[in-house]
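Novice: Pasting my_file.cif here (mmCIF, N, CA and C atoms):
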data_entry
loop_
_atom_site.label_atom_id
_atom_site.label_comp_id
_atom_site.auth_asym_id
_atom_site.auth_seq_id
_atom_site.Cartn_x
_atom_site.Cartn_y
_atom_site.Cartn_z
N MET A 1 0.85 -1.17 0.00
CA MET A 1 0.00 0.00 0.00
C MET A 1 0.90 1.24 0.00
N ARG A 2 0.50 2.22 -0.78
CA ARG A 2 1.23 3.50 -0.84
C ARG A 2 0.25 4.64 -0.74
N ASN A 3 0.70 5.73 -0.15
CA ASN A 3 -0.09 6.95 -0.11
C ASN A 3 0.28 7.79 -1.31
N LEU A 4 -0.71 8.10 -2.15
CA LEU A 4 -0.50 8.89 -3.36
C LEU A 4 -1.31 10.17 -3.26
N LYS A 5 -1.01 11.10 -4.14
CA LYS A 5 -1.71 12.39 -4.14
C LYS A 5 -2.53 12.53 -5.42
N ILE A 6 -3.77 12.95 -5.27
CA ILE A 6 -4.62 13.23 -6.43
C ILE A 6 -4.20 14.59 -6.97
N GLN A 7 -3.98 14.66 -8.31
CA GLN A 7 -3.55 15.90 -8.94
C GLN A 7 -4.49 16.27 -10.08
N LYS A 8 -4.51 17.54 -10.42
CA LYS A 8 -5.33 18.03 -11.52
C LYS A 8 -4.64 17.70 -12.84
N TRP A 9 -5.42 17.23 -13.81
CA TRP A 9 -4.93 16.94 -15.14
C TRP A 9 -5.98 17.44 -16.12
N GLY A 10 -5.76 18.63 -16.66
CA GLY A 10 -6.78 19.27 -17.50
C GLY A 10 -8.00 19.58 -16.65
N ASN A 11 -9.19 19.12 -17.08
CA ASN A 11 -10.41 19.31 -16.30
C ASN A 11 -10.71 18.12 -15.39
N SER A 12 -9.79 17.17 -15.33
CA SER A 12 -10.01 15.95 -14.56
C SER A 12 -9.03 15.86 -13.40
N LEU A 13 -9.18 14.82 -12.63
CA LEU A 13 -8.25 14.50 -11.56
C LEU A 13 -7.53 13.22 -11.93
N ALA A 14 -6.28 13.05 -11.44
CA ALA A 14 -5.50 11.88 -11.81
C ALA A 14 -4.65 11.40 -10.64
N VAL A 15 -4.36 10.12 -10.65
CA VAL A 15 -3.43 9.51 -9.71
C VAL A 15 -2.44 8.73 -10.56
N ARG A 16 -1.16 8.93 -10.32
CA ARG A 16 -0.14 8.16 -11.05
C ARG A 16 0.02 6.80 -10.39
N ILE A 17 0.01 5.77 -11.19
CA ILE A 17 0.20 4.41 -10.68
C ILE A 17 1.70 4.12 -10.69
N PRO A 18 2.29 3.80 -9.54
CA PRO A 18 3.72 3.48 -9.51
C PRO A 18 4.05 2.32 -10.44
N ALA A 19 5.22 2.38 -11.07
CA ALA A 19 5.62 1.37 -12.05
C ALA A 19 5.59 -0.04 -11.47
N SER A 20 6.03 -0.20 -10.23
CA SER A 20 6.05 -1.54 -9.63
C SER A 20 4.63 -2.09 -9.48
N PHE A 21 3.66 -1.24 -9.15
CA PHE A 21 2.27 -1.67 -9.05
C PHE A 21 1.74 -2.03 -10.43
N ALA A 22 2.03 -1.19 -11.42
CA ALA A 22 1.55 -1.44 -12.79
C ALA A 22 2.08 -2.77 -13.31
N ARG A 23 3.38 -3.03 -13.07
CA ARG A 23 3.97 -4.30 -13.52
C ARG A 23 3.31 -5.49 -12.82
N SER A 24 3.06 -5.36 -11.53
CA SER A 24 2.52 -6.50 -10.77
C SER A 24 1.11 -6.88 -11.22
N VAL A 25 0.34 -5.93 -11.74
CA VAL A 25 -1.01 -6.25 -12.23
C VAL A 25 -1.07 -6.33 -13.75
N GLY A 26 0.05 -6.10 -14.42
CA GLY A 26 0.09 -6.25 -15.87
C GLY A 26 -0.40 -5.06 -16.66
N PHE A 27 -0.47 -3.88 -16.04
CA PHE A 27 -0.88 -2.69 -16.78
C PHE A 27 0.25 -2.22 -17.69
N LYS A 28 -0.11 -1.79 -18.90
CA LYS A 28 0.83 -1.24 -19.87
C LYS A 28 0.36 0.14 -20.30
N GLU A 29 1.29 0.96 -20.76
CA GLU A 29 0.93 2.29 -21.25
C GLU A 29 -0.02 2.17 -22.44
N GLY A 30 -1.09 2.96 -22.42
CA GLY A 30 -2.07 2.96 -23.51
C GLY A 30 -3.12 1.87 -23.40
N GLN A 31 -3.02 1.02 -22.41
CA GLN A 31 -3.96 -0.09 -22.24
C GLN A 31 -5.32 0.44 -21.79
N PRO A 32 -6.41 -0.06 -22.37
CA PRO A 32 -7.73 0.37 -21.91
C PRO A 32 -8.04 -0.25 -20.54
N VAL A 33 -8.65 0.55 -19.68
CA VAL A 33 -9.08 0.08 -18.35
C VAL A 33 -10.50 0.57 -18.12
N GLU A 34 -11.16 -0.07 -17.17
CA GLU A 34 -12.47 0.42 -16.75
C GLU A 34 -12.38 0.79 -15.28
N ILE A 35 -13.13 1.79 -14.90
CA ILE A 35 -13.13 2.25 -13.52
C ILE A 35 -14.55 2.12 -13.00
N SER A 36 -14.68 1.59 -11.78
CA SER A 36 -16.01 1.42 -11.20
C SER A 36 -15.98 1.88 -9.75
N LEU A 37 -17.16 2.28 -9.26
CA LEU A 37 -17.29 2.72 -7.88
C LEU A 37 -17.37 1.49 -6.98
N GLU A 38 -16.57 1.50 -5.94
CA GLU A 38 -16.59 0.45 -4.92
C GLU A 38 -16.84 1.14 -3.58
N THR A 39 -17.25 0.41 -2.59
CA THR A 39 -17.46 1.01 -1.28
C THR A 39 -16.37 0.54 -0.35
N PRO A 40 -15.50 1.36 0.13
CA PRO A 40 -15.29 2.75 -0.27
C PRO A 40 -14.29 2.82 -1.41
N GLY A 41 -14.34 3.81 -2.23
CA GLY A 41 -13.33 4.07 -3.24
C GLY A 41 -13.68 3.67 -4.65
N LEU A 42 -12.62 3.41 -5.42
CA LEU A 42 -12.73 3.09 -6.83
C LEU A 42 -11.98 1.79 -7.13
N LYS A 43 -12.35 1.15 -8.21
CA LYS A 43 -11.65 -0.05 -8.67
C LYS A 43 -11.25 0.19 -10.12
N VAL A 44 -9.99 -0.05 -10.45
CA VAL A 44 -9.49 0.08 -11.82
C VAL A 44 -9.13 -1.32 -12.30
N SER A 45 -9.73 -1.74 -13.42
CA SER A 45 -9.51 -3.08 -13.94
C SER A 45 -9.16 -3.03 -15.42
N PRO A 46 -8.30 -3.94 -15.89
CA PRO A 46 -7.99 -3.99 -17.32
C PRO A 46 -9.22 -4.43 -18.11
N VAL A 47 -9.32 -3.94 -19.32
CA VAL A 47 -10.41 -4.33 -20.22
C VAL A 47 -9.87 -5.41 -21.14
N GLY A 48 -10.65 -6.45 -21.35
CA GLY A 48 -10.22 -7.52 -22.24
C GLY A 48 -9.46 -8.60 -21.48
N GLU A 49 -8.96 -9.55 -22.25
CA GLU A 49 -8.27 -10.69 -21.67
C GLU A 49 -6.87 -10.29 -21.20
N ARG A 50 -6.51 -10.70 -20.01
CA ARG A 50 -5.20 -10.38 -19.44
C ARG A 50 -4.15 -11.31 -20.02
N LYS A 51 -3.02 -10.75 -20.43
CA LYS A 51 -1.92 -11.55 -20.96
C LYS A 51 -1.03 -11.96 -19.80
N LEU A 52 -0.80 -13.26 -19.68
CA LEU A 52 0.02 -13.78 -18.60
C LEU A 52 1.50 -13.72 -18.96
N THR A 53 2.33 -13.54 -17.95
CA THR A 53 3.78 -13.59 -18.15
C THR A 53 4.18 -15.05 -18.26
N LEU A 54 5.41 -15.30 -18.73
CA LEU A 54 5.90 -16.67 -18.83
C LEU A 54 5.89 -17.34 -17.45
N ALA A 55 6.32 -16.62 -16.43
CA ALA A 55 6.35 -17.18 -15.07
C ALA A 55 4.95 -17.58 -14.63
N GLN A 56 3.92 -16.76 -14.95
CA GLN A 56 2.55 -17.08 -14.58
C GLN A 56 2.06 -18.31 -15.35
N LYS A 57 2.41 -18.40 -16.64
CA LYS A 57 2.01 -19.56 -17.44
C LYS A 57 2.64 -20.84 -16.91
N LEU A 58 3.93 -20.77 -16.57
CA LEU A 58 4.62 -21.96 -16.05
C LEU A 58 4.03 -22.39 -14.71
N LYS A 59 3.63 -21.44 -13.89
CA LYS A 59 3.04 -21.75 -12.59
C LYS A 59 1.71 -22.49 -12.78
N LEU A 60 0.97 -22.16 -13.84
CA LEU A 60 -0.32 -22.80 -14.11
C LEU A 60 -0.18 -24.16 -14.79
N PHE A 61 1.02 -24.48 -15.30
CA PHE A 61 1.23 -25.73 -16.05
C PHE A 61 1.04 -26.93 -15.14
N ASP A 62 0.25 -27.89 -15.58
CA ASP A 62 0.02 -29.14 -14.86
C ASP A 62 0.47 -30.28 -15.76
N ALA A 63 1.61 -30.91 -15.42
CA ALA A 63 2.19 -31.96 -16.26
C ALA A 63 1.24 -33.14 -16.43
N GLU A 64 0.42 -33.43 -15.43
CA GLU A 64 -0.51 -34.57 -15.53
C GLU A 64 -1.57 -34.34 -16.59
N LEU A 65 -1.95 -33.08 -16.81
CA LEU A 65 -2.94 -32.78 -17.85
C LEU A 65 -2.34 -32.85 -19.24
N HIS A 66 -1.03 -32.83 -19.35
CA HIS A 66 -0.35 -32.81 -20.63
C HIS A 66 0.49 -34.06 -20.83
N GLY A 67 -0.01 -35.20 -20.39
CA GLY A 67 0.66 -36.48 -20.63
C GLY A 67 1.97 -36.64 -19.88
N GLY A 68 2.17 -35.93 -18.80
CA GLY A 68 3.39 -36.08 -18.01
C GLY A 68 4.61 -35.45 -18.64
N GLU A 69 4.43 -34.64 -19.66
CA GLU A 69 5.58 -34.00 -20.30
C GLU A 69 6.28 -33.09 -19.30
N ALA A 70 7.58 -33.00 -19.45
CA ALA A 70 8.36 -32.10 -18.60
C ALA A 70 9.53 -31.58 -19.40
N MET A 71 10.06 -30.46 -18.99
CA MET A 71 11.22 -29.88 -19.66
C MET A 71 12.45 -30.70 -19.25
N ALA A 72 13.25 -31.09 -20.22
CA ALA A 72 14.47 -31.83 -19.93
C ALA A 72 15.53 -30.88 -19.37
N SER A 73 16.30 -31.37 -18.41
CA SER A 73 17.35 -30.54 -17.82
C SER A 73 18.64 -30.58 -18.66
N ARG A 74 18.72 -31.53 -19.59
CA ARG A 74 19.87 -31.63 -20.50
C ARG A 74 19.35 -32.02 -21.88
N PRO A 75 20.14 -31.81 -22.93
CA PRO A 75 19.68 -32.15 -24.28
C PRO A 75 19.28 -33.63 -24.39
N VAL A 76 18.19 -33.86 -25.09
CA VAL A 76 17.70 -35.21 -25.33
C VAL A 76 17.49 -35.34 -26.83
N GLY A 77 18.00 -36.39 -27.42
CA GLY A 77 17.83 -36.57 -28.86
C GLY A 77 18.89 -35.84 -29.64
N SER A 78 18.51 -35.27 -30.77
CA SER A 78 19.51 -34.67 -31.66
C SER A 78 19.34 -33.16 -31.78
N GLU A 79 19.13 -32.47 -30.63
CA GLU A 79 19.04 -31.02 -30.67
C GLU A 79 20.38 -30.43 -31.09
N ILE A 80 20.31 -29.32 -31.81
CA ILE A 80 21.54 -28.64 -32.25
C ILE A 80 21.63 -27.34 -31.47
N PHE A 81 22.77 -27.13 -30.82
CA PHE A 81 22.99 -25.90 -30.06
C PHE A 81 24.12 -25.12 -30.64
#
Using structure tokens, write down the structure that the file contains.

Specialist:
Amino acid sequence: MRNLKIQKWGNSLAVRIPASFARSVGFKEGQPVEISLETPGLKVSPVGERKLTLAQKLKLFDAELHGGEAMASRPVGSEIF
């Protein structure tokens, strides 16, 4: 949690989202978001399907659902490096 300051931006008000927070929720510059009223406060959510990072995809991987496949720790077969 961080304390931020609401600032004037044209005829509107704005809060800057710290880069570390934006990265942790997957926000990118120019990305569409929706804002809704919550009690108390506001909720900002991405619009559309969220793109997962490689680390998030690997965390969701279940080897049992994919025939027990696993990444080899050393070359197997005739890979060329």

Novice: The PyMOL selection byres (((chain A and resi 22-29 and name CA) around 9) and name CA) - which residues does that actually catch in the file I just gave you? List them as a PyMOL selection string.

Specialist: chain A and resi 17-21+30-33+46+50-53

Novice: Rounded to one decimal, what separation in Å do you get between atom CA of A:Ala14 and atom N of A:Ser45?

Specialist: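 Between atom CA of A:Ala14 and atom N of A:Ser45 the gap works out to 14.4 Å.
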
Novice: Between atom CA of A:Ser36 and atom CA of A:Ile6, what is the spacing in Å?

Specialist: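 Between atom CA of A:Ile6 and atom CA of A:Ser36 the gap works out to 17.1 Å.
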
Novice: I need the strand (DSSP E or B) residues of chain A per DSSP on the backbone, written as a list in words.

Specialist: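 Answer for chain A restricted to strand (DSSP E or B) is Gln7, Lys8, Trp9, Ser12, Leu13, Ala14, Val33, Glu34, Ile35, Ser36, Leu37, Leu42, Lys43, Val44, Ser45 and Pro46 of chain A.
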
Novice: In Å to one decimal, how far is atom N of A:Glu34 from atom C of A:Arg16?

Specialist: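 Rounded to one decimal, the two atoms are 14.8 Å apart.
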